[in-house]
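Enquirer: Please find one structure pasted underneath; my questions will follow.
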Amino acid sequence: MTATFSPRQERLLILLLAGVQFTHLLDFMIVLPLGPEFMRLFSLSAAQFGTLVSSYTLASAAMGVLGLAWVDRFGRRSTLLVILGGFITATLACGAAQSHAWLLVARSLAGGCAGLMGAVIMSIIADTVPGERRGQAIGTVMSSLGLSAVAGVPLSLGLANLLGWRAPFWAIGVLGALLWFGLLAVLPRMDAHVTPGTDRQAPSVKALFTPGFALGWLLTFSVAFSSFLLIPYLSAFMVGNLGLEQTDLPWVYLAGGAATLLAARQVGRWVDRFGPARVLGLLLVGTMVPHLGFTHLPASPLPVVMVAFVLFMSLTSTRPIPTIALISARVPPPLRGRYMAMNMAASDGASGLAAWASGLMLATAPGGELVGFGLAGWLAVGVTTVSLFILWTFGRSAVPVNRSLHLAP
């Protein structure tokens with residue numbers, strides 16, 4: 001069921017997939033540091049901005065659920081190229097938006113494509129990379145989050161300052177088109193999972209709803225939910241509460257992204273060496289301190305805020321690496337695309353719901369300060385504690401799909 005690549009081909013494929021993930025993450029992230037600007041231009045409340053952020057992730061979650069019907073019925077190559085093409089079109093539509101409503105619809109379409117795109121990317125990695133190197137491969141792809149913060153967000157903010165807020169979306173669309181042609185040239189058909197083997201039938205989609213798999217989704221949901229209670233509002237908090245200027249944000253995101261870029265590669269190596277469950281548990285415990293520390297930070301000089309932000313991002317943003325490595329290893333290839341689609345739906349649904357929930361908890365004072373962010377930090381720690389319990393339960397009860405679940409779909 002797995003494709004065979006030479007080491008050089010494997011590295012090139014992982015780099016291209018990391019590039020696709022980079023465009024998706026940058027498309028999502030660019031809205032976050034522009035939050036104060038969008039809130040000013042469109043006269044948005046914190047809850048309305050949370051809705052704009054949530055539209056991307058909730059659409060991604062909905063499309064992940066819909067993808068259950070077909071994502072494993074076609075080759076990985078054709079599926080990824082079609083979805084990436086839709087993402088490029090929707091991102092260009094964001095740049096052409098003439099109203100807040102138009103932007104909201106275009107963001108939803110882009111998010112819908114991005115969710116399935118992430119599922120197919122992780123399925124390709126699980127199909128092609130041996131287990132002993134899979135953590136490092138996932139870490140490489142997930143390091144695109146750090147790269148998007150190191151290079152993407154500062155450059156996009158520079159483009160926005162120079163040419164207006166539309167320019168970053170045009171640039172992301174062009175980059176996505178270049179990657180589309182690269183994948184067209186490099187990626188093979190990868191449709192072995194479509195045809196069941198002679199010794200067994202393809203597993204039924206019913207296997208997705210066994211208790212062990214459901215615990216995997218719940219773990220993904222809780223990890224993402226605790227993160228996105230805070231992440232969408234970090235820039236508004238730094239400007240409104242900590243005393244930073246809008247022009248300081250690119251430097252803060254640059255530092256946080258550089259730390260995340262380095263941390264993601266190292267966390268991937270630790271996953272391969274110590275196992276994903278142990279690494280995830282340590283990261284969950286480790287994030288409690290920066291979640292509380294950053295959300296209760298008083299007005300501070302730029303270097304202090306930058307150190308706190310670096311600690312926050314490098315720990316929080318690497319938690320998906322052991323999470324994905326842990327759950328993807330438990331699914332057979334014919335079911336992997338659908339399972340990862342549902343898993344991405346759980347992650348994106350959690351992100352959208354968390355951003356929306358925080359928006360309801362927060363208020364903006366007349367001076368621009370966010371009120372209630374400390375409470376959101378305590379809630380994030382509480383959800384992280386629940387994640388630790390789910391991880392312990394998942395590690396004890398979840399097992400790979402056995403032959404009894406290999407039923408005709």
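Simple scheme: letters A, B, ... for chains in structure tokens order, numbers from 1 for residues in each chain, numbers from 1 for ligands in the order shown.
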Name all residues at most 7 Å from Gly64 of chain A (count only C-alpha atoms; drop same-chain ones fewer than 5 positions away) and give them as a ChimeraX atom specification.
Expert: /A:115-116,341-342,344-345
Enquirer: Take the residues just selected and output them with N, CA, C and O atoms as a compact mmCIF listing (two decimals), in the first residue's frame.
Expert:
# COMPACT_ATOMS: atom_id res chain seq x y z
N GLY A 115 -8.43 22.38 4.80
CA GLY A 115 -8.60 21.28 5.72
C GLY A 115 -8.33 19.93 5.07
O GLY A 115 -7.58 19.11 5.60
N LEU A 116 -8.93 19.70 3.91
CA LEU A 116 -8.69 18.44 3.21
C LEU A 116 -7.26 18.36 2.70
O LEU A 116 -6.66 17.28 2.65
N ALA A 341 -8.74 13.11 7.46
CA ALA A 341 -9.69 14.18 7.15
C ALA A 341 -10.56 14.49 8.37
O ALA A 341 -10.80 15.66 8.71
N MET A 342 -11.04 13.44 9.02
CA MET A 342 -11.83 13.65 10.23
C MET A 342 -10.98 14.24 11.35
O MET A 342 -11.45 15.07 12.14
N MET A 344 -8.33 16.22 10.96
CA MET A 344 -8.15 17.63 10.64
C MET A 344 -9.43 18.41 10.91
O MET A 344 -9.39 19.58 11.33
N ALA A 345 -10.59 17.76 10.66
CA ALA A 345 -11.86 18.42 10.97
C ALA A 345 -11.97 18.68 12.46
O ALA A 345 -12.45 19.74 12.89
Enquirer: List the neighbours of Ser347 of chain A out to 7 Å using only C-alpha atoms; skip same-chain residues closer than 6 positions along the sequence, and give me the result as JSON, numbers by chain.
Expert: {"A": [220, 221, 224]}
Enquirer: Write the selection just made, keeping N, CA and C atoms, as an mmCIF file, in the first residue's frame?
Expert:
data_model
loop_
_atom_site.group_PDB
_atom_site.id
_atom_site.type_symbol
_atom_site.label_atom_id
_atom_site.label_comp_id
_atom_site.auth_asym_id
_atom_site.auth_seq_id
_atom_site.Cartn_x
_atom_site.Cartn_y
_atom_site.Cartn_z
ATOM 1 N N THR A 220 -6.983 15.351 19.590
ATOM 2 C CA THR A 220 -6.663 16.424 18.651
ATOM 3 C C THR A 220 -7.506 17.659 18.922
ATOM 4 N N PHE A 221 -8.796 17.457 19.171
ATOM 5 C CA PHE A 221 -9.711 18.575 19.433
ATOM 6 C C PHE A 221 -9.271 19.361 20.663
ATOM 7 N N ALA A 224 -5.939 21.380 20.128
ATOM 8 C CA ALA A 224 -6.141 22.574 19.303
ATOM 9 C C ALA A 224 -7.006 23.611 20.016
#
Enquirer: My list of candidates is A:Val31, A:Gly349, A:Val141, A:Leu261. Which is closest to Ser235 of chain A when distances are computed with only C-alpha atoms?
Expert: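 With only C-alpha atoms as the atom set, the closest residue is A:Val31.
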Enquirer: With only C-alpha atoms as the counted atoms, please give the residues lying no more than 7 Å from segment 310-326 of chain A, apart from itself and same-chain residues fewer than 2 positions off, as number ranges by chain.
Expert: A: 135, 138-139, 142, 220, 227, 255-256, 259-260, 263-264, 268, 271, 276-277, 279-280, 283, 287, 290-291, 306-308, 328-329
